[in-house]
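Notes for the one structure printed next.
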Amino acid sequence: MSTLAGKVALITGSGDGMGRAHAILMAERGADIVVHDIKAQPAEQTAAAVRKLGRRVHVAVCDVADVAAVRRMAAEAASVMGHVDILVNNAGYGQRSETQAITEEDFDRMFAVHVKGSFFAAQAVIAGMKERRYGKIVNISSMWGMTGAPVAPHYCAAKAALLGFTKAWAKELAPWNIHVNAVAPGGVKSGGPIKLDSAETLKAKEARVPLKRYCEPVEIAYAVAYLASPEADFVTGQVISPNGGEVIVGY
Amino acid sequence: MMSDTASSMAGKVAWITGSGRGMGQAHAILLAERGADIVVHDVLVDEAKATAARIEALGRRVFLSHADVANATAMHDLVAQASRALGKIDVLVNNAGIGQHRSIEEITVEDFERMFSIHVKGSFFCGQAVMAGMKKQQSGKIINISSIWGMNGADTASHYCAAKTALLGLTKAWAKELAPWNIHVNAVCPGGVITEMPIKVQGWDKIRAKEKKVPLGRWAQPEEVSYAVAFLASGESDFITGQAISPNGGETIVGF
């Protein structure tokens, strides 16, 4: 519905799960896609799906925690695709450890991927956005970044930090008409829950959601695509949380 | 394909209160453009008729009402009649409202009661009237139009601010109460929007000065609020309930 024709979207971690859903939905809506992942094979699979939709693709394989590599990725993406209009900071991972079990390596890696990775990916694309006086940054936070959880405090805090960037960048980048928002997914049938939970656990968790289900990745992609589109040109510094009513907060 | 059809409103019926002009009219027209039939509802008769004509010109069906939202009985009657005419109601947008720039001392009992009966009581009973049908069909969307002033207050119009905050309360409570029937309830909190009302009440000079204080340096066109409403009215937001979207140009950034 909302067209992304002529736009180029860089989606980190788009080799699988939600990232891939964002890439495919945005391609369906006309965007050319920079598919990024730390793994080459999944990235190529997403790229193939995007190409099938008739859109242009550039594939970047690197670790988002590697600042130099992220800068190279942004420069290459801009030179191959012409420009980057949309950045979706989606790359991330879960680790269900309790505080006492979290090592310094666990801690550093969690913040390096989610927080440092998102920061330097944004830093690398905003020069071009400022020049064109238009841009969209969508940070993928989490319901757990909003409310915390009894496990994975490093993950919760890293996802909360992404909300901090969202609000600060919305203000800093507004003079260049760059819009920065967050999507904070609740339960999604991808990644962590599918890998880490048994079918029974998943069912029990779904029963606690007011809408009684976890969502499909594309239902998160709809929120991302809305925020990435010109329809959201007056929306900045905000958070959309598709979470089935599990978390209702604020104000 | 799921992703191509989820934003479509084809086959849906949307009731937009206060859709004679301004943002309400913009919501009605956008939803009609996306395929919905519309219950056009406004106490302003000529304005409502004009909106209805534009929707019919889009090839969509219309049910027209001029009933007062503050009249609970009339809202139940409206739902019965509109459902007979259009088959059902899938979407309610509680948009009808008034503004009144008054200090605390200036607000009379009449001002106070009118403010709360239109925004809060009106929205409550429109919701109450429409939810029986939504429960029966196990699907529905209610969108309450709150305001950035309902999120963070203002130095005037405290009755308006509190009424708009009350709509956020209804949003969150209804999201929980109605989830078992797959009814999704969300709020949209507009920031500055260029409609007739502020142009008339404040004038362009004041609006231009206020636009400078918005990080994006401007107020929105009414359609920019409609896009958020249409997203929340569509199948694309079927996992979103109890949330608020605030198109405000970065003027209000709060919460998590």
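Letters for chains follow the order of the structure tokens (A, B, ...), residue numbers begin at 1 for each chain, and ligand numbers begin at 1 in the order shown.
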Tell me the residues of chain B close to chain A, meaning within 6 Å using only C-alpha atoms, as an NGL selection string.
:B and (151 or 179 or 215-216 or 227 or 236 or 239-242 or 247-250 or 253 or 255-256)
Within stretch 15-113 of chain B, find each residue whose DSSP state, derived from the backbone, is strand (DSSP E or B), and express the selection as a ChimeraX atom specification.
/B:15-17,37-41,62-65,91-94
Selection file, N, CA and C atoms, as a tab-separated table (two decimals), in the first residue's frame:
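That gives us again-v4.tsv:
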chain	number	residue	atom	x	y	z
B	15	TRP	N	-16.71	3.39	11.17
B	15	TRP	CA	-17.51	4.49	11.74
B	15	TRP	C	-16.53	5.51	12.29
B	16	ILE	N	-16.56	6.71	11.73
B	16	ILE	CA	-15.66	7.77	12.19
B	16	ILE	C	-16.50	8.90	12.76
B	17	THR	N	-16.40	9.09	14.07
B	17	THR	CA	-17.17	10.19	14.68
B	17	THR	C	-16.48	11.51	14.36
B	37	ASP	N	-16.37	0.93	3.50
B	37	ASP	CA	-17.61	1.71	3.53
B	37	ASP	C	-17.61	2.49	4.85
B	38	ILE	N	-18.28	3.65	4.85
B	38	ILE	CA	-18.06	4.58	5.96
B	38	ILE	C	-19.36	5.03	6.61
B	39	VAL	N	-19.39	5.01	7.95
B	39	VAL	CA	-20.43	5.71	8.69
B	39	VAL	C	-19.89	7.11	8.95
B	40	VAL	N	-20.44	8.08	8.20
B	40	VAL	CA	-20.04	9.48	8.37
B	40	VAL	C	-20.93	10.07	9.44
B	41	HIS	N	-20.33	10.65	10.44
B	41	HIS	CA	-21.07	11.04	11.62
B	41	HIS	C	-20.57	12.37	12.12
B	62	VAL	N	-22.21	4.72	2.12
B	62	VAL	CA	-22.17	5.63	3.26
B	62	VAL	C	-23.44	5.49	4.08
B	63	PHE	N	-23.30	5.52	5.40
B	63	PHE	CA	-24.44	5.76	6.27
B	63	PHE	C	-24.15	7.07	6.99
B	64	LEU	N	-25.15	7.96	6.98
B	64	LEU	CA	-24.93	9.32	7.46
B	64	LEU	C	-25.70	9.54	8.76
B	65	SER	N	-25.03	10.11	9.75
B	65	SER	CA	-25.71	10.42	11.01
B	65	SER	C	-25.27	11.78	11.54
B	91	VAL	N	-14.81	-1.17	12.33
B	91	VAL	CA	-13.82	-0.20	12.82
B	91	VAL	C	-14.56	0.99	13.42
B	92	LEU	N	-14.17	1.37	14.63
B	92	LEU	CA	-14.68	2.62	15.22
B	92	LEU	C	-13.51	3.55	15.44
B	93	VAL	N	-13.61	4.77	14.90
B	93	VAL	CA	-12.60	5.79	15.20
B	93	VAL	C	-13.28	6.87	16.05
B	94	ASN	N	-12.92	6.90	17.33
B	94	ASN	CA	-13.47	7.90	18.24
B	94	ASN	C	-12.71	9.20	18.07
Can you pull out the residues contacting stretch 100-117 of chain A? Cut-off 10 Å, using only C-alpha atoms, and skip same-chain residues under 3 positions away; I want them as a ChimeraX atom specification.
/A:12,63-67,70,89-97,120-123,139-141,152-162,165
Hey, what's within 9 Å of stretch 129-144 of chain B if we count only C-alpha atoms and toss same-chain stuff fewer than 6 positions away? As a PyMOL selection string, please?
chain B and resi 72-73+75-80+83+88-95+123+167-168+170-171+178+180-189+229+232-234+238
Need the shell around B:Ala157: protein/DNA/RNA residues with any atom at most 8 Å away, counting only C-alpha atoms. Skip same-chain ones fewer than 3 positions apart. Format as an MDAnalysis selection string?
chainID B and resid 99:104 154 160:161
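In this structure, atom CA of B:Ala48 sits 23.4 Å away from atom CA of B:Gly192.
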Need the shell around A:Lys52: protein/DNA/RNA residues with any atom at most 12 Å away, counting only C-alpha atoms. Skip same-chain ones fewer than 5 positions apart. Format as a VMD selection string?
chain A and resid 24 27 to 28 32 45 to 47 57
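Between atom CA of B:Ala6 and atom CA of B:Leu30 the separation is 15.3 Å.
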Residue among B:Lys212, B:His119, B:Arg34, B:His66 lying closest to B:Lys49, counting only C-alpha atoms
B:His66
Using only C-alpha atoms, can you tell me which of A:Val50, A:Val151, A:Ala69, A:Ala182 comes closest to A:Val138?
A:Ala182
Which of stretch 16-229 of chain B fall in helix (DSSP H, G or I), as a PyMOL selection string
chain B and resi 22-33+45-57+72-86+109-137+148-152+158-181+196-201+203-212+222-229
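Atom CA of B:Gly235 to atom CA of B:Lys176 spans 18.7 Å [interatomic distance, one decimal].
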